[in-house]
Amino acid sequence: LLNVKDYSLKYAGTENPIFSDLSFTVSQGERVALCGKNGCGKSTLLKIIIQKAGWADGNHAVEESGICEIAPGLTISYVAQDTAGLNGNLSAFCEARHLDQSLFFTILRQLDFERIQFSKNIEEYSEGQKKKVLLAASLLTPAHLYIWDEPLNYIDVFSRMQIEKLLLEYRPTMIFVEHDTCFREKVSTKVIEIIS
C-alpha cells in the first residue's frame, strides 16, 4: 500500500534534512509505528502521505527526494493530533461522515464514554472525549489505510487499553505515531525509527 525508499525531507530554504534515507513499506494487515525524537519529521511524513493520496493540500514548506509511493485509489482514514474544529451534536457528526450512529455510540461506550455525553454538543467535551469521537469515527470509516497521529493524546489509561483491544480486534492496516512504548509494542506489527 505504501512504499518509502531512500526518502529524505528538508524544510524549503534550509540545508540540513529533517531526516534522510528513510526506507520502509506498509503492506495489507500491517500496523506500522513511526517513532523518533520530537521534531524528527514523523507528523510531517504522515501529512505528506495523506497529501499524496489526494486527501490534503500540498505542503510547500518542505522539499523531498527519494520515493514515497502510494497505491492508486487508496482510501485513508486520518486522525490528527489536535481536535480543532469539532462542534455540533453527535447525530449531525455521524450524518456528515455517513457513520452508523448506533455502531458509533457502541464504540464510544467501549471507550468509556458516558451516555449522558451523547446529548451534549461536542464543543462541551473534554479534549480526551473529543479524541475518542475522532478515533471511533476513524474505526467506523471504511479505509485501506488508517493514519493516526498521536492517538493517545488526552486519553486515560482505561481507554488506552480499550483502543488496544479494538485495534487488535479490527486489525486495520495502519501507520501511526505514538510515544507510548507499551501501546506501540502491543499494537504494532513493525516499528520504524526515524533518525534526524
# chains A, B, ... in the order shown; residues from 1 in each chain; ligands from 1

$ residues_around --residues "stretch 173-177 of chain A" --least-positions-apart "5" --cutoff "10 Å" --atoms "only C-alpha atoms" --output "count of residues only"
38

$ select_by_dssp --residues "stretch 61-108 of chain A" --states "alpha helix (DSSP H)" --output "number ranges by chain"
A: 90-97, 101-108

$ write_last_selection --atoms "N, CA, C and O atoms" --output "PDB file, in the first residue's frame"
ATOM      1  N   LEU A  90     -23.621  14.798  18.212  1.00  0.00           N
ATOM      2  CA  LEU A  90     -23.100  13.554  17.643  1.00  0.00           C
ATOM      3  C   LEU A  90     -23.939  13.041  16.479  1.00  0.00           C
ATOM      4  O   LEU A  90     -23.407  12.437  15.549  1.00  0.00           O
ATOM      5  N   SER A  91     -25.239  13.293  16.506  1.00  0.00           N
ATOM      6  CA  SER A  91     -26.091  12.842  15.394  1.00  0.00           C
ATOM      7  C   SER A  91     -25.685  13.538  14.095  1.00  0.00           C
ATOM      8  O   SER A  91     -25.554  12.899  13.046  1.00  0.00           O
ATOM      9  N   ALA A  92     -25.487  14.853  14.172  1.00  0.00           N
ATOM     10  CA  ALA A  92     -25.063  15.610  12.987  1.00  0.00           C
ATOM     11  C   ALA A  92     -23.669  15.183  12.554  1.00  0.00           C
ATOM     12  O   ALA A  92     -23.383  15.078  11.348  1.00  0.00           O
ATOM     13  N   PHE A  93     -22.789  14.908  13.513  1.00  0.00           N
ATOM     14  CA  PHE A  93     -21.438  14.439  13.217  1.00  0.00           C
ATOM     15  C   PHE A  93     -21.500  13.126  12.434  1.00  0.00           C
ATOM     16  O   PHE A  93     -20.815  12.960  11.421  1.00  0.00           O
ATOM     17  N   CYS A  94     -22.334  12.186  12.900  1.00  0.00           N
ATOM     18  CA  CYS A  94     -22.481  10.886  12.222  1.00  0.00           C
ATOM     19  C   CYS A  94     -23.061  11.058  10.820  1.00  0.00           C
ATOM     20  O   CYS A  94     -22.592  10.426   9.869  1.00  0.00           O
ATOM     21  N   GLU A  95     -24.053  11.925  10.714  1.00  0.00           N
ATOM     22  CA  GLU A  95     -24.691  12.150   9.411  1.00  0.00           C
ATOM     23  C   GLU A  95     -23.692  12.738   8.406  1.00  0.00           C
ATOM     24  O   GLU A  95     -23.607  12.290   7.268  1.00  0.00           O
ATOM     25  N   ALA A  96     -22.897  13.708   8.848  1.00  0.00           N
ATOM     26  CA  ALA A  96     -21.927  14.358   7.962  1.00  0.00           C
ATOM     27  C   ALA A  96     -20.864  13.379   7.483  1.00  0.00           C
ATOM     28  O   ALA A  96     -20.361  13.485   6.372  1.00  0.00           O
ATOM     29  N   ARG A  97     -20.524  12.394   8.326  1.00  0.00           N
ATOM     30  CA  ARG A  97     -19.471  11.433   7.981  1.00  0.00           C
ATOM     31  C   ARG A  97     -20.021  10.086   7.511  1.00  0.00           C
ATOM     32  O   ARG A  97     -19.258   9.137   7.352  1.00  0.00           O
ATOM     33  N   GLN A 101     -24.911   5.457  13.370  1.00  0.00           N
ATOM     34  CA  GLN A 101     -24.906   6.090  14.689  1.00  0.00           C
ATOM     35  C   GLN A 101     -24.905   5.073  15.821  1.00  0.00           C
ATOM     36  O   GLN A 101     -24.191   5.247  16.810  1.00  0.00           O
ATOM     37  N   SER A 102     -25.667   3.983  15.703  1.00  0.00           N
ATOM     38  CA  SER A 102     -25.710   3.015  16.804  1.00  0.00           C
ATOM     39  C   SER A 102     -24.357   2.321  16.980  1.00  0.00           C
ATOM     40  O   SER A 102     -23.909   2.113  18.107  1.00  0.00           O
ATOM     41  N   LEU A 103     -23.685   1.999  15.885  1.00  0.00           N
ATOM     42  CA  LEU A 103     -22.341   1.405  15.985  1.00  0.00           C
ATOM     43  C   LEU A 103     -21.344   2.405  16.557  1.00  0.00           C
ATOM     44  O   LEU A 103     -20.486   2.051  17.369  1.00  0.00           O
ATOM     45  N   PHE A 104     -21.479   3.655  16.134  1.00  0.00           N
ATOM     46  CA  PHE A 104     -20.610   4.724  16.622  1.00  0.00           C
ATOM     47  C   PHE A 104     -20.763   4.870  18.138  1.00  0.00           C
ATOM     48  O   PHE A 104     -19.778   4.915  18.876  1.00  0.00           O
ATOM     49  N   PHE A 105     -22.002   4.907  18.609  1.00  0.00           N
ATOM     50  CA  PHE A 105     -22.254   5.021  20.047  1.00  0.00           C
ATOM     51  C   PHE A 105     -21.728   3.793  20.790  1.00  0.00           C
ATOM     52  O   PHE A 105     -21.202   3.909  21.902  1.00  0.00           O
ATOM     53  N   THR A 106     -21.832   2.618  20.183  1.00  0.00           N
ATOM     54  CA  THR A 106     -21.334   1.384  20.807  1.00  0.00           C
ATOM     55  C   THR A 106     -19.830   1.458  21.010  1.00  0.00           C
ATOM     56  O   THR A 106     -19.308   1.119  22.078  1.00  0.00           O
ATOM     57  N   ILE A 107     -19.108   1.938  19.983  1.00  0.00           N
ATOM     58  CA  ILE A 107     -17.651   2.062  20.115  1.00  0.00           C
ATOM     59  C   ILE A 107     -17.303   3.114  21.165  1.00  0.00           C
ATOM     60  O   ILE A 107     -16.407   2.904  21.994  1.00  0.00           O
ATOM     61  N   LEU A 108     -18.029   4.225  21.179  1.00  0.00           N
ATOM     62  CA  LEU A 108     -17.775   5.248  22.205  1.00  0.00           C
ATOM     63  C   LEU A 108     -17.996   4.684  23.607  1.00  0.00           C
ATOM     64  O   LEU A 108     -17.229   4.964  24.527  1.00  0.00           O
TER      65      LEU A 108
END

$ atom_distance --atom1 "atom CA of A:Gln110" --atom2 "atom CA of A:Gly128"
14.2 Å

$ residues_around --residues "A:Ser65" --least-positions-apart "6" --cutoff "9 Å" --atoms "only C-alpha atoms" --output "number ranges by chain"
A: 6-10, 20

$ select_by_dssp --residues "chain A" --states "strand (DSSP E or B)" --output "number ranges by chain"
A: 2-11, 19-26, 31-35, 62-70, 76-79, 89, 121, 145-149, 174-177, 190-193

$ atom_distance --atom1 "atom CA of A:Phe158" --atom2 "atom CA of A:Glu124"
21.6 Å

$ atom_distance --atom1 "atom CA of A:Leu134" --atom2 "atom CA of A:Gly85"
11.3 Å

$ closest_residue --among "A:Asn3, A:Ser196, A:Cys40, A:Glu123" --to "A:Ala71" --atoms "only C-alpha atoms"
A:Asn3

$ decode --residues "stretch 52-81 of chain A" --atoms "C-alpha atoms" --output "PDB file, in the first residue's frame"
ATOM      1  CA  LYS A  52      -0.035  12.180  -1.897  1.00  0.00           C
ATOM      2  CA  ALA A  53      -3.268  10.206  -1.532  1.00  0.00           C
ATOM      3  CA  GLY A  54      -5.168  13.375  -2.517  1.00  0.00           C
ATOM      4  CA  TRP A  55      -6.611  13.804   0.952  1.00  0.00           C
ATOM      5  CA  ALA A  56      -4.974  17.166   1.768  1.00  0.00           C
ATOM      6  CA  ASP A  57      -3.334  20.158   0.109  1.00  0.00           C
ATOM      7  CA  GLY A  58       0.375  20.043  -0.612  1.00  0.00           C
ATOM      8  CA  ASN A  59       2.924  21.290   1.874  1.00  0.00           C
ATOM      9  CA  HIS A  60       5.117  23.786   0.033  1.00  0.00           C
ATOM     10  CA  ALA A  61       7.351  24.343   3.060  1.00  0.00           C
ATOM     11  CA  VAL A  62       9.173  21.022   2.573  1.00  0.00           C
ATOM     12  CA  GLU A  63      11.330  19.600  -0.181  1.00  0.00           C
ATOM     13  CA  GLU A  64      11.536  15.861  -0.736  1.00  0.00           C
ATOM     14  CA  SER A  65      13.778  13.423  -2.542  1.00  0.00           C
ATOM     15  CA  GLY A  66      13.617   9.674  -2.991  1.00  0.00           C
ATOM     16  CA  ILE A  67      10.467   7.582  -3.351  1.00  0.00           C
ATOM     17  CA  CYS A  68       7.199   7.858  -1.427  1.00  0.00           C
ATOM     18  CA  GLU A  69       4.667   5.850  -3.452  1.00  0.00           C
ATOM     19  CA  ILE A  70       1.079   5.174  -2.517  1.00  0.00           C
ATOM     20  CA  ALA A  71      -1.143   2.548  -4.130  1.00  0.00           C
ATOM     21  CA  PRO A  72      -3.598   4.174  -6.564  1.00  0.00           C
ATOM     22  CA  GLY A  73      -7.151   4.627  -5.292  1.00  0.00           C
ATOM     23  CA  LEU A  74      -6.070   4.260  -1.670  1.00  0.00           C
ATOM     24  CA  THR A  75      -8.739   5.345   0.824  1.00  0.00           C
ATOM     25  CA  ILE A  76      -7.327   6.817   4.030  1.00  0.00           C
ATOM     26  CA  SER A  77      -8.872   7.440   7.436  1.00  0.00           C
ATOM     27  CA  TYR A  78      -6.809  10.088   9.235  1.00  0.00           C
ATOM     28  CA  VAL A  79      -6.809  11.206  12.862  1.00  0.00           C
ATOM     29  CA  ALA A  80      -4.722  14.330  13.512  1.00  0.00           C
ATOM     30  CA  GLN A  81      -3.002  15.218  16.789  1.00  0.00           C
TER      31      GLN A  81
END
